[in-house]
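Q: Sending over a structure as structure tokens; questions will come in a sec.
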Amino acid sequence: MLVRLLYASRAIDPSCAAVDDILGECRHFNPISGITGILCYGGGIFLQAIEGGRNAVSELYSHIQRDVRHKDVVLLHYEEISERRFGGWTMGQVNMSKVNTSILLKYAEKPELDPYSVSGKVSLALLEELMATASIIGRA
């Protein structure tokens, strides 16, 4: 059974190197577990959708909750799915510096990434629009 999980967290270390390290791990370990997804990072906040088998997604989310690189981990959305939306990525990354602020304003009060202030469905819609507007890099 496939599931999709969406969560938000705050970075302990907001440096580019730390974010790149997390992406590198995702791209290495996710294919082994059948996990696909997308990671959006901006203003010290991660917004991530992960898809795969229920057990694999649950294990990964449990690992993220214990990961010392994250704090304030919040589950935003969880659902059983019939197909993947982010199947082309072991972990795609949204380049927030290149996102048109009007896209962010469409879904939030301010032109910044803040999944803590909107519903999980709104955050998922934002990720889908970012995917549709080719704001995602790193298909690997």
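Going by the structure tokens order, chains are called A, B, ..., each with residues numbered from 1, while ligands are numbered from 1 in the order shown.
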Would you please give, as JSON, numbers by chain, all residues of segment 2-103 of chain A that DSSP assigns to strand (DSSP E or B) based on the backbone?

A: {"A": [2, 3, 4, 5, 6, 7, 8, 9, 10, 11, 36, 37, 38, 39, 40, 41, 42, 45, 46, 47, 48, 49, 50, 51, 52, 53, 70, 71, 72, 73, 74, 75, 76, 77, 78, 79, 80, 81, 92, 93, 94, 95]}

Q: Next, the residues of the selection above should be written as a short mmCIF file (atom, residue, chain, number, x, y, z; two decimals), in the first residue's frame with C-alpha atoms.

A:
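Result file is selection_9.cif:
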```
data_model
loop_
_atom_site.label_atom_id
_atom_site.label_comp_id
_atom_site.auth_asym_id
_atom_site.auth_seq_id
_atom_site.Cartn_x
_atom_site.Cartn_y
_atom_site.Cartn_z
CA LEU A 2 1.34 3.41 -0.98
CA VAL A 3 1.09 6.43 1.32
CA ARG A 4 2.09 10.09 1.20
CA LEU A 5 3.27 11.95 4.27
CA LEU A 6 3.87 15.69 4.50
CA TYR A 7 5.74 17.25 7.40
CA ALA A 8 7.45 20.49 8.38
CA SER A 9 10.50 21.00 10.58
CA ARG A 10 13.01 23.66 11.48
CA ALA A 11 16.69 23.25 10.69
CA THR A 36 10.25 9.24 -3.50
CA GLY A 37 9.47 12.83 -2.65
CA ILE A 38 10.30 16.48 -2.63
CA LEU A 39 12.04 18.74 -0.15
CA CYS A 40 11.38 22.46 0.05
CA TYR A 41 13.68 24.57 2.21
CA GLY A 42 13.56 28.28 2.95
CA ILE A 45 12.14 25.63 7.46
CA PHE A 46 11.85 22.26 5.74
CA LEU A 47 8.64 21.19 4.02
CA GLN A 48 8.89 17.64 2.77
CA ALA A 49 6.55 15.19 1.07
CA ILE A 50 7.58 11.55 1.12
CA GLU A 51 5.85 8.72 -0.70
CA GLY A 52 6.26 4.97 -0.65
CA GLY A 53 5.12 1.86 1.16
CA HIS A 70 15.57 18.83 12.82
CA LYS A 71 13.44 20.44 15.50
CA ASP A 72 9.73 21.27 15.73
CA VAL A 73 8.83 18.32 13.47
CA VAL A 74 5.08 18.49 12.72
CA LEU A 75 2.98 16.07 10.70
CA LEU A 76 0.90 18.15 8.27
CA HIS A 77 -0.81 15.52 6.12
CA TYR A 78 -0.94 11.74 5.72
CA GLU A 79 -2.97 9.75 3.21
CA GLU A 80 -3.19 6.45 1.41
CA ILE A 81 -2.59 6.99 -2.31
CA GLY A 92 13.68 16.65 -5.55
CA GLN A 93 14.65 20.02 -4.08
CA VAL A 94 12.84 23.32 -4.49
CA ASN A 95 15.21 26.22 -5.04
#
```

Q: Please, which residues of chain A, numbered as in this document, come out helix (DSSP H, G or I) from DSSP, as number ranges by chain?

A: A: 16-33, 54-66, 96-98, 101-107, 115-117, 120-132

Q: Would you compute the distance between atom CA of Glu25 of chain A and atom CA of Arg54 of chain A? Give it in Å to one decimal.

A: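 Computing it gives 20.0 Å between the two atoms.
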